[in-house]
Each structure stands twice: as C-alpha cells, then as structure tokens.
$ cat run.txt   # compact mmCIF, C-alpha atoms
# COMPACT_ATOMS: atom_id res chain seq x y z
CA ARG F 1 87.25 133.05 89.77
CA ASP F 2 84.50 133.05 92.39
CA LEU F 3 83.78 130.37 94.99
CA ASN F 4 81.34 128.42 92.80
CA GLN F 5 83.87 128.27 89.97
CA TYR F 6 86.53 127.13 92.43
CA ILE F 7 84.23 124.35 93.70
CA ASP F 8 83.31 123.28 90.16
CA TYR F 9 87.00 123.09 89.21
CA SER F 10 87.89 121.02 92.29
CA GLN F 11 84.98 118.62 91.81
CA ALA F 12 85.79 118.18 88.12
CA LYS F 13 89.39 117.30 88.97
CA PHE F 14 88.31 114.82 91.63
CA ASN F 15 85.78 113.13 89.31
CA GLN F 16 88.18 113.10 86.29
CA TYR F 17 85.91 115.24 84.15
CA VAL F 18 87.36 116.01 80.73
CA GLU F 19 85.88 118.46 78.25
CA TYR F 20 86.80 117.48 74.69
CA PRO F 21 87.79 120.42 72.44
CA GLU F 22 85.62 120.97 69.39
CA ASP F 23 88.61 120.76 67.01
CA SER F 24 89.83 117.43 68.43
CA GLU F 25 90.51 114.83 65.76
CA ASN F 26 88.83 111.44 65.91
CA TYR F 27 91.98 109.61 66.94
CA GLU F 28 92.94 112.03 69.68
CA ILE F 29 92.26 110.80 73.18
CA GLN F 30 91.72 113.10 76.16
CA LEU F 31 92.23 111.14 79.37
CA ALA F 32 92.29 112.39 82.93
CA LEU F 33 94.34 109.92 84.95
CA PRO F 34 92.93 109.12 88.43
CA ASN F 35 95.97 110.55 90.22
CA ILE F 36 94.12 113.17 92.25
CA ARG F 37 91.25 110.87 93.17
CA ASN F 38 93.59 108.04 94.23
CA LYS F 39 95.72 110.39 96.34
CA MET F 40 92.68 111.88 98.04
CA MET F 41 91.18 108.50 98.89
CA ALA F 42 94.52 107.34 100.31
CA ILE F 43 94.67 110.43 102.53
CA LEU F 44 91.08 109.96 103.70
CA ALA F 45 91.71 106.29 104.49
CA ARG F 46 94.69 107.30 106.62
CA LEU F 47 92.76 110.01 108.45
CA SER F 48 89.74 107.76 109.03
CA SER F 49 91.91 105.08 110.64
CA GLN F 50 93.31 107.67 113.07
CA ARG F 51 89.95 108.88 114.39
CA MET F 52 90.14 109.18 118.17
CA LYS F 53 87.34 108.44 120.59
CA ALA F 54 86.71 110.36 123.80
CA GLU F 55 87.23 108.59 127.13
CA PHE F 56 85.67 109.65 130.43
CA PHE F 57 87.32 109.08 133.80
CA PRO F 58 86.09 109.89 137.32
CA GLN F 59 87.67 112.96 138.89
CA ASN F 60 88.03 110.99 142.11
CA SER F 61 88.44 107.27 141.48
CA SER F 62 87.59 106.46 145.08
CA HIS F 63 84.31 108.39 144.98
CA ALA F 64 81.27 106.31 143.97
CA PHE F 65 79.35 109.27 142.57
CA ASP F 66 82.24 110.30 140.31
CA LYS F 67 82.45 106.77 138.94
CA ILE F 68 78.72 106.75 138.16
CA ALA F 69 78.97 110.20 136.52
CA ALA F 70 81.89 109.10 134.32
CA LYS F 71 80.06 105.95 133.24
CA PHE F 72 76.90 107.95 132.54
CA LEU F 73 78.79 110.41 130.33
CA LYS F 74 80.46 107.55 128.48
CA ASP F 75 77.11 105.84 127.84
CA VAL F 76 75.58 109.10 126.59
CA PHE F 77 78.54 109.75 124.31
CA ASP F 78 78.48 106.20 122.90
CA TRP F 79 74.73 106.38 122.33
CA THR F 80 75.01 109.76 120.57
CA ASP F 81 77.91 108.50 118.48
CA TYR F 82 75.88 105.45 117.41
CA LYS F 83 72.68 107.36 116.66
CA SER F 84 74.49 110.09 114.76
CA LYS F 85 76.59 107.69 112.65
CA HIS F 86 79.68 109.81 113.31
CA ASP F 87 81.99 107.44 111.42
CA VAL F 88 80.08 107.95 108.17
CA VAL F 89 79.55 111.68 108.77
CA ASN F 90 83.23 112.28 109.54
CA PHE F 91 84.31 110.49 106.36
CA TYR F 92 82.10 112.65 104.16
CA TRP F 93 83.11 115.77 106.10
CA MET F 94 86.77 115.00 105.42
CA LEU F 95 85.94 114.25 101.76
CA GLU F 96 84.13 117.59 101.43
CA THR F 97 87.06 119.36 103.08
CA ALA F 98 89.73 117.79 100.87
CA MET F 99 87.71 118.08 97.65
CA LYS F 100 86.50 121.68 98.08
CA GLY F 101 89.06 123.06 100.53
CA THR F 102 86.46 123.78 103.24
CA GLY F 103 84.01 121.54 105.06
CA ILE F 104 81.02 122.80 107.07
CA LEU F 105 79.31 120.55 109.62
CA LEU F 106 75.91 121.32 111.16
CA GLU F 107 75.12 119.92 114.61
CA ASP F 108 71.37 120.00 114.99
CA TYR F 109 68.50 118.47 116.93
CA TRP F 110 66.28 116.24 114.80
CA LYS F 111 62.87 114.72 115.38
CA THR F 112 60.90 112.35 113.18
CA THR F 113 57.46 110.82 113.47
CA ARG F 114 56.09 108.01 111.35
CA VAL F 115 53.22 105.55 111.49
CA ILE F 116 53.92 101.83 111.22
CA LYS F 117 51.60 98.80 111.11
CA ASP F 118 52.29 96.03 113.63
CA ILE F 119 51.20 92.71 112.16
CA LYS F 120 49.01 90.73 114.56
CA ILE F 121 47.98 87.85 112.27
CA LEU F 122 49.58 86.77 108.98
CA ASN F 123 47.45 84.36 106.92
CA ASP F 124 48.66 81.85 104.33
CA ASP F 125 46.81 83.67 101.55
CA GLY F 126 48.86 86.80 102.15
CA THR F 127 46.21 88.72 104.07
CA SER F 128 46.95 90.02 107.53
CA LYS F 129 45.56 91.88 110.48
CA TRP F 130 47.52 94.78 111.83
CA LYS F 131 47.35 97.73 114.15
CA LYS F 132 48.72 101.20 113.53
CA ARG F 133 51.34 102.62 115.87
CA GLU F 134 53.20 105.93 115.86
CA ILE F 135 56.99 105.95 116.25
CA ARG F 136 58.86 109.03 117.38
CA GLU F 137 62.63 109.40 117.28
CA ASP F 138 64.80 112.34 118.20
CA GLY F 139 68.36 113.20 119.03
CA VAL F 140 71.39 115.28 118.07
CA GLN F 141 72.85 114.58 114.65
CA ALA F 142 75.54 116.06 112.43
CA PHE F 143 75.03 116.95 108.76
CA VAL F 144 77.61 117.89 106.13
CA LEU F 145 76.47 121.05 104.37
CA PRO F 146 77.37 121.53 100.69
CA LEU F 147 79.87 124.37 100.63
CA GLU F 148 78.13 126.07 97.70
CA GLU F 149 75.02 126.49 99.89
CA VAL F 150 76.85 128.25 102.76
CA TYR F 151 77.50 132.00 102.86
CA VAL F 152 79.35 133.97 105.52
CA TRP F 153 79.13 137.62 106.45
CA ASN F 154 82.87 138.33 106.38
CA VAL F 155 85.26 136.24 104.27
CA ARG F 156 88.21 137.89 106.05
CA GLU F 157 87.27 136.23 109.35
CA PRO F 158 88.51 132.61 109.45
CA ASP F 159 86.69 131.70 112.69
CA ILE F 160 83.09 130.70 111.96
CA GLN F 161 82.06 131.44 115.55
CA LYS F 162 83.16 135.06 115.13
CA GLN F 163 81.03 135.66 112.05
CA HIS F 164 78.28 138.26 112.49
CA LYS F 165 75.94 136.12 110.38
CA VAL F 166 76.15 132.73 108.68
CA PHE F 167 73.63 131.59 106.08
CA TRP F 168 72.69 128.18 104.78
CA ALA F 169 70.43 128.30 101.71
CA PRO F 170 69.53 124.89 100.24
CA ILE F 171 67.08 124.53 97.35
CA MET F 172 64.53 121.74 97.61
CA PRO F 173 61.42 120.58 95.70
CA LEU F 174 58.12 121.99 96.95
CA ARG F 175 56.90 118.57 98.14
CA ASP F 176 59.99 118.13 100.32
CA PHE F 177 59.54 121.62 101.75
CA LYS F 178 55.92 120.96 102.65
CA TYR F 179 56.81 117.72 104.41
CA LYS F 180 59.75 119.12 106.37
CA PHE F 181 58.22 122.47 107.36
CA LYS F 182 54.55 121.52 107.64
CA ASN F 183 54.45 122.47 111.32
CA TYR F 184 55.35 126.11 110.63
CA LYS F 185 52.26 128.35 110.49
CA ARG F 186 53.27 130.36 107.42
CA SER F 187 54.51 127.41 105.34
CA GLU F 188 51.28 127.46 103.29
CA GLU F 189 52.06 131.01 102.15
CA VAL F 190 55.25 129.90 100.39
CA ASN F 191 55.07 129.82 96.59
CA PRO F 192 57.66 127.86 94.59
CA GLY F 193 60.10 129.41 92.14
CA GLY F 194 60.30 132.98 90.94
CA ILE F 195 62.06 136.11 92.14
CA PHE F 196 61.24 137.16 95.68
CA ALA F 197 62.00 139.82 98.24
CA SER F 198 63.44 139.52 101.71
CA GLU F 199 64.28 141.65 104.71
CA ASP F 200 67.91 140.66 104.22
CA LYS F 201 68.01 142.32 100.80
CA SER F 202 71.79 142.76 100.65
CA PHE F 203 72.27 139.02 101.01
CA TYR F 204 69.61 138.05 98.48
CA ASN F 205 70.57 140.66 95.90
CA GLU F 206 74.17 139.47 95.90
CA TYR F 207 73.66 135.70 95.90
CA LEU F 208 70.10 134.50 95.46
CA ASN F 209 68.04 136.27 92.82
CA GLN F 210 65.93 133.50 91.36
CA VAL F 211 64.70 130.05 92.38
CA PRO F 212 63.96 127.33 89.79
CA GLU F 213 60.33 126.58 89.02
CA GLY F 214 58.75 124.10 91.43
CA SER F 215 61.47 124.63 94.06
CA VAL F 216 61.84 126.49 97.33
CA GLN F 217 64.99 128.08 98.70
CA VAL F 218 65.08 127.82 102.48
CA LEU F 219 67.39 130.36 104.05
CA HIS F 220 68.68 129.51 107.54
CA SER F 221 70.21 132.60 109.14
CA TRP F 222 72.25 132.44 112.34
CA ASN F 223 72.92 135.93 113.73
CA PHE F 224 75.56 135.57 116.42
CA GLN F 225 75.80 139.26 117.24
CA ASP F 226 72.07 139.86 117.80
CA ASP F 227 71.14 136.36 119.05
CA GLU F 228 68.67 135.69 116.22
CA PHE F 229 67.80 132.63 114.18
CA LYS F 230 65.61 132.92 111.09
CA ILE F 231 64.17 130.51 108.55
CA ILE F 232 63.03 132.28 105.38
CA ALA F 233 61.47 130.32 102.52
CA ASN F 234 61.23 132.22 99.22
CA GLY F 235 60.95 135.50 101.12
CA ILE F 236 58.42 134.24 103.71
CA GLU F 237 59.79 134.24 107.26
CA LEU F 238 58.66 131.04 108.96
CA THR F 239 60.10 131.80 112.38
CA GLU F 240 58.79 134.41 114.78
CA LYS F 241 60.17 137.92 114.81
CA ASP F 242 63.35 138.27 116.91
CA ASN F 243 63.48 134.48 117.25
CA PRO F 244 66.60 133.66 119.38
CA LEU F 245 69.29 131.11 118.65
CA PRO F 246 67.79 127.75 119.75
CA PHE F 247 70.69 126.88 122.06
CA ASN F 248 71.47 128.15 125.53
CA HIS F 249 75.18 128.26 124.73
CA LYS F 250 74.32 130.91 122.11
CA LYS F 251 76.86 129.73 119.59
CA ILE F 252 76.40 129.08 115.90
CA PRO F 253 75.82 125.29 115.54
CA LEU F 254 78.38 124.99 112.74
CA VAL F 255 81.89 123.59 112.67
CA LYS F 256 84.38 124.54 109.95
CA ASN F 257 87.39 122.59 108.73
CA ILE F 258 89.88 123.46 105.98
CA TYR F 259 92.36 121.31 104.07
CA GLU F 260 95.09 123.95 103.78
CA PRO F 261 94.88 127.70 104.39
CA LEU F 262 94.76 130.15 101.50
CA ALA F 263 95.65 133.08 103.74
CA PRO F 264 95.79 133.74 107.49
CA ASP F 265 92.81 136.11 107.25
CA PHE F 266 90.61 134.18 104.81
CA PHE F 267 87.59 132.01 105.67
CA PHE F 268 87.87 129.43 102.90
CA GLY F 269 90.65 126.88 102.48
CA LYS F 270 92.65 125.48 99.57
CA SER F 271 91.54 122.13 98.14
CA PHE F 272 93.76 119.18 97.27
CA PRO F 273 92.67 119.21 93.58
CA ASP F 274 93.71 122.87 93.41
CA ILE F 275 97.09 122.09 94.99
CA SER F 276 97.85 119.22 92.60
CA GLY F 277 95.80 120.34 89.60
CA ASN F 278 98.61 121.90 87.55
CA LEU F 279 100.94 118.91 88.00
CA SER F 280 98.12 116.52 87.20
CA ASP F 281 97.27 118.51 84.05
CA ALA F 282 100.90 118.30 82.91
CA ILE F 283 100.97 114.53 83.46
CA ASP F 284 97.69 114.10 81.60
CA GLN F 285 98.96 116.24 78.70
CA LEU F 286 102.17 114.22 78.40
CA PHE F 287 100.28 110.95 78.54
CA ASN F 288 97.72 112.04 75.95
CA ASP F 289 100.40 113.39 73.60
CA LEU F 290 102.41 110.16 73.81
CA PHE F 291 99.28 108.07 73.32
CA ASN F 292 98.13 110.08 70.30
CA LEU F 293 101.64 109.99 68.84
CA ASN F 294 101.63 106.21 69.00
CA GLN F 295 98.21 106.19 67.37
CA LEU F 296 99.73 108.06 64.43
CA ARG F 297 102.60 105.62 64.22
CA MET F 298 100.38 102.51 64.33
CA LYS F 299 97.75 103.92 61.95
CA ALA F 300 99.88 105.94 59.58
CA PRO F 301 98.04 107.94 56.90
CA LEU F 302 97.99 106.87 53.25
CA LEU F 303 99.39 109.12 50.49
CA ALA F 304 97.37 109.81 47.33
CA GLN F 305 98.66 112.01 44.48
CA THR F 306 96.04 114.64 43.58
CA GLY F 307 95.84 118.35 43.04
CA SER F 308 95.99 119.25 46.73
CA VAL F 309 98.96 120.77 48.42
CA LEU F 310 100.54 118.61 51.12
CA SER F 311 100.93 121.44 53.60
CA ASP F 312 97.17 122.14 53.57
CA VAL F 313 96.02 118.74 54.81
CA VAL F 314 95.51 117.40 58.34
CA TRP F 315 97.97 114.73 59.45
CA ARG F 316 95.94 112.21 61.46
CA ALA F 317 95.56 108.47 61.94
CA ASP F 318 93.79 106.45 59.24
CA ASN F 319 93.61 109.52 57.03
CA VAL F 320 94.20 109.72 53.29
CA VAL F 321 96.72 112.51 52.65
CA GLU F 322 96.40 114.07 49.21
CA TYR F 323 99.36 115.90 47.67
CA SER F 324 100.55 117.37 44.37
CA GLY F 325 103.92 117.27 42.66
CA GLU F 326 106.59 114.70 43.31
CA LYS F 327 106.02 112.03 45.93
CA PRO F 328 107.86 112.75 49.21
CA GLU F 329 110.85 110.48 49.71
CA GLN F 330 110.13 109.93 53.41
CA MET F 331 107.40 110.84 55.91
CA LYS F 332 107.98 109.64 59.45
CA VAL F 333 106.17 110.23 62.72
CA GLY F 334 108.68 110.84 65.49
CA GLN F 335 108.49 109.27 68.90
CA GLY F 336 109.19 110.57 72.37
CA GLY F 337 112.67 109.88 73.63
CA GLY F 338 114.07 109.34 77.06
CA ASP F 339 113.73 113.03 77.95
CA VAL F 340 109.93 112.71 77.80
CA ASP F 341 110.01 109.66 80.05
CA ARG F 342 112.24 111.42 82.56
CA LEU F 343 110.00 114.47 82.57
CA ASN F 344 106.98 112.25 83.14
CA ASN F 345 108.71 110.60 86.12
CA ILE F 346 109.61 114.00 87.59
CA LEU F 347 106.01 115.15 87.41
CA PHE F 348 104.77 111.96 89.06
CA ASP F 349 107.33 112.39 91.85
CA GLN F 350 106.20 115.96 92.43
CA LEU F 351 102.58 114.86 92.66
CA ASN F 352 103.52 112.14 95.14
CA GLN F 353 105.41 114.61 97.32
CA SER F 354 102.34 116.88 97.50
CA SER F 355 100.25 114.11 99.09
CA VAL F 356 102.60 111.92 101.16
CA SER F 357 103.80 114.71 103.43
CA PRO F 358 103.13 114.22 107.17
CA VAL F 359 100.53 117.00 107.12
CA GLY F 360 98.78 115.53 104.09
CA GLN F 361 98.58 112.15 105.79
CA GLY F 362 97.18 113.61 108.99
CA GLN F 363 100.29 112.96 111.07
CA VAL F 364 101.09 115.21 113.99
CA GLY F 365 104.37 117.05 114.20
CA SER F 366 107.27 116.14 116.44
CA GLN F 367 109.78 118.18 118.38
CA SER F 368 112.19 118.03 115.46
CA THR F 369 109.73 119.54 112.96

$ encode --input "run.txt" --output "structure tokens"
Amino acid sequence: RDLNQYIDYSQAKFNQYVEYPEDSENYEIQLALPNIRNKMMAILARLSSQRMKAEFFPQNSSHAFDKIAAKFLKDVFDWTDYKSKHDVVNFYWMLETAMKGTGILLEDYWKTTRVIKDIKILNDDGTSKWKKREIREDGVQAFVLPLEEVYVWNVREPDIQKQHKVFWAPIMPLRDFKYKFKNYKRSEEVNPGGIFASEDKSFYNEYLNQVPEGSVQVLHSWNFQDDEFKIIANGIELTEKDNPLPFNHKKIPLVKNIYEPLAPDFFFGKSFPDISGNLSDAIDQLFNDLFNLNQLRMKAPLLAQTGSVLSDVVWRADNVVEYSGEKPEQMKVGQGGGDVDRLNNILFDQLNQSSVSPVGQGQVGSQST
C-alpha cells in the first residue's frame, strides 16, 4: 500500500469507521470498539501533561547586563508561546503523529491586516457613528501540515533537514487563494482546476496530475541544497527566479516527529492504529460474532414445512425457515464457552500492553532499561 492508503487506514481505525459487507444479514452488527481511540487519547493526555517549558538564566548572576538579557529572552519566549498558541499546536501535532505515524510542523512568519470600525457614538435606536482603523498583526507561528500534503525528495533519509527538497502542496478554493496570495504579481494569471505543467515535472508527474475544478494547488518547494524557495500555483511560479530560502539560518522551516520507526533508513514512521490494528480487529470480530450469536438465540427462526430443502435456506434472526420432509427433532444455536471469553481477555491484555509501555506513555528511560 502507498502512503495515502496507509493514512486512510490509520484514520479509519482512529475514527472507528466500519464498512458493512454487501452480503451482511439484517441482524448482523458490525461494531468497531473505541479501543484504539481511547488508548491514543490517553497517551496524548499523558504527553501533554509532561510538556516542558524553557527557562533562561543569566550566564553571570552577578552581572546586571546578563540578568537583563535573560529576562528579555524569557519575555520574548513567553510572548511567542502565547501568540503562537503552542499548547494547542503541540496537541494536534502529537495527534497527527500518533494517528498517521509522522507529524510535520511548519514554523513560519505570518502577517495579517484587517480593517475594523471603532464606535464613537452608539444611539438608542441602534444607529452609531464609527471610524475605520487598520489593524496589523505579525509574528512567528507554527502550523501542523497534513501528512498527505507533504512530499520529500528521498524517503530513505529520515532527517528532514538533510532532504534535498521538501514539498508542501495544499489544495484550496480559488477565493482563498486570491485572498492569501493577492500581493504576488502573477497571482492573477492562475487559473483554477485542470491539468497543468511545471518546471518540476518529475514531482508533478508522479504525484499531482490534476486539480479539482474551482481549486488551486499551491506548491511550496524548499530546496536545501541550492538555497531556493518556490511557490507554484497550478504551474504558475509566484516567487522570483532563484528566490532564496527566506531565513538567514538557511534551514528548511519544518520539524518532523514520528510515533515509532518503521526502519532506521526510512522517513515515515509507524502509527499507533497500525501497531494495534490487527489486535483491535480480532477483538471487534469476537465481539460482533458473540453479539450476532446472541441475536440468533433471542430471535430464533420459525420453521415452516414446505417444498424447500432445509440446507438451502439462510439461518438468521426473525427468519421463517422453510423445509421439506420430516420435521427436525432439534435445532439449537450454540453459544460461546469459556474459551471464547479467555481468548477475548488475552486480546484485550495484548492491546493494553501495546499502549501502556513507558515509551508509549512518553516516559524517559532509566539506567536499568
């Protein structure tokens, strides 16, 4: 399976999605117990409570300038943390990581401008007098990128900062594109939807061949090797030619996290739903079979003597079973014995052990580990 199929599988397990088979009888229930979701939320709650905050201390406690510098750095960090809503961002980053196996965080500079109306006089009849004023806000903020929108140059390189190129390609409605990229000179040349060409043909031919009608795919390309940053919207390059990375540190502004490694030389990680999916499926199957068996016992079919053969009919709850020949002396629906219950308990224990380990709970190791 490819990455998109892997993500779809993990999300379906987390959200308890069940696809009913076409040949399922009316009485048959197909439940997906919330085991995976409950375990994941318990892990995230534990990790969130252990979030550490940076502290700044003066290099020389007796030096007045060092004290001022430490306090200044602390105030800047606290202000950035407040403006960026790091608590909320970190939670969703950890959720993305656990649910899909890999979480990508974008640290970027943002700037917004909007016009507000300051009310000067408010009358009893609801009318008012106001004056327009422009508000500008900017700062550094983190964004969780959907994993299915991120593409890397080399999947055999686990370090995102060592990738030759990293791409982020979200799809957005045309109206959102025009609002967000209205300051770019060539934004008016962008047409929504359709198949388009690009200088980076190898990337587009492999991943992005067609954009839905009325939408624009905005490709952000960070080229670490050549110090280039491009924004390409439906094949139209919005940035200047040879546009450099917009940071003096010349690093890709992305941070990667994985839940568990798939391999030492692989970029993407293994998700919690993939780790526990098989055990959870077995538990769900046992539960559904026991439930449907009890449905048969409580709503046993009726027998009616006709020309049909008993072996040709479907045995289901509230059904009328037609048969020919002599009436059967006994028809009984069996029930699961203690072995089924013990097997169910074993499966639950195995699922618990896959999530309550020290690593799963975010605990650090000790000298004895």

$ closest_residue --input "run.txt" --among "F:Arg297, F:Lys241, F:His220, F:Arg51" --to "Met94 (chain F)" --atoms "only C-alpha atoms"
F:Arg51

$ closest_residue --input "run.txt" --among "F:Gln30, F:Arg37, F:Gly103, F:Ala263" --to "Phe91 (chain F)" --atoms "all atoms listed in the file"
F:Gly103

$ atom_distance --input "run.txt" --atom1 "CA of Lys180 (chain F)" --atom2 "CA of Leu106 (chain F)"
17.0 Å

$ atom_distance --input "run.txt" --atom1 "CA of Ala98 (chain F)" --atom2 "CA of Val155 (chain F)"
19.3 Å

$ residues_around --input "run.txt" --residues "Lys162 (chain F)" --least-positions-apart "6" --cutoff "10 Å" --atoms "only C-alpha atoms" --output "PyMOL selection string"
chain F and resi 153-154+224-225+251-252

$ atom_distance --input "run.txt" --atom1 "CA of Ala64 (chain F)" --atom2 "CA of Val76 (chain F)"
18.5 Å

$ residues_around --input "run.txt" --residues "Ile160 (chain F)" --least-positions-apart "3" --cutoff "8 Å" --atoms "only C-alpha atoms" --output "PyMOL selection string"
chain F and resi 157+163+166+252+254-256+267

$ closest_residue --input "run.txt" --among "F:Lys71, F:Arg114, F:Arg156, F:Lys165" --to "Glu137 (chain F)" --atoms "all atoms listed in the file"
F:Arg114

$ closest_residue --input "run.txt" --among "F:Pro158, F:Pro212, F:Gly101, F:Pro244" --to "Lys230 (chain F)" --atoms "all atoms listed in the file"
F:Pro244

$ closest_residue --input "run.txt" --among "F:Tyr17, F:Phe143, F:Phe177, F:Tyr184" --to "Glu96 (chain F)" --atoms "all atoms listed in the file"
F:Phe143

$ closest_residue --input "run.txt" --among "F:Phe56, F:Phe266, F:Phe181, F:Gln141" --to "Ala69 (chain F)" --atoms "all atoms listed in the file"
F:Phe56

$ axis_aligned_box --input "run.txt" --around "region 275-284 of chain F" --padding-each-side "4 Å" --output "lines of an AutoDock Vina configuration file"
center_x = 98.4
center_y = 118.1
center_z = 88.3
size_x = 13.2
size_y = 16.0
size_z = 21.4

$ decode --input "run.txt" --residues "region 149-165 of chain F" --atoms "C-alpha atoms" --output "PDB file, in the first residue's frame"
ATOM      1  CA  GLU F 149       0.103  17.101   1.523  1.00  0.00           C
ATOM      2  CA  VAL F 150       3.839  16.733   2.255  1.00  0.00           C
ATOM      3  CA  TYR F 151       6.295  15.088  -0.142  1.00  0.00           C
ATOM      4  CA  VAL F 152      10.013  14.516   0.364  1.00  0.00           C
ATOM      5  CA  TRP F 153      12.781  14.032  -2.155  1.00  0.00           C
ATOM      6  CA  ASN F 154      14.270  10.894  -0.598  1.00  0.00           C
ATOM      7  CA  VAL F 155      12.184   8.559   1.579  1.00  0.00           C
ATOM      8  CA  ARG F 156      15.386   6.755   2.637  1.00  0.00           C
ATOM      9  CA  GLU F 157      16.613   9.848   4.500  1.00  0.00           C
ATOM     10  CA  PRO F 158      14.955  10.107   7.935  1.00  0.00           C
ATOM     11  CA  ASP F 159      16.319  13.598   8.721  1.00  0.00           C
ATOM     12  CA  ILE F 160      14.097  16.272   7.185  1.00  0.00           C
ATOM     13  CA  GLN F 161      16.924  18.823   7.302  1.00  0.00           C
ATOM     14  CA  LYS F 162      19.052  16.587   5.073  1.00  0.00           C
ATOM     15  CA  GLN F 163      16.431  16.313   2.343  1.00  0.00           C
ATOM     16  CA  HIS F 164      17.450  17.834  -0.997  1.00  0.00           C
ATOM     17  CA  LYS F 165      13.899  19.139  -1.468  1.00  0.00           C
TER      18      LYS F 165
END
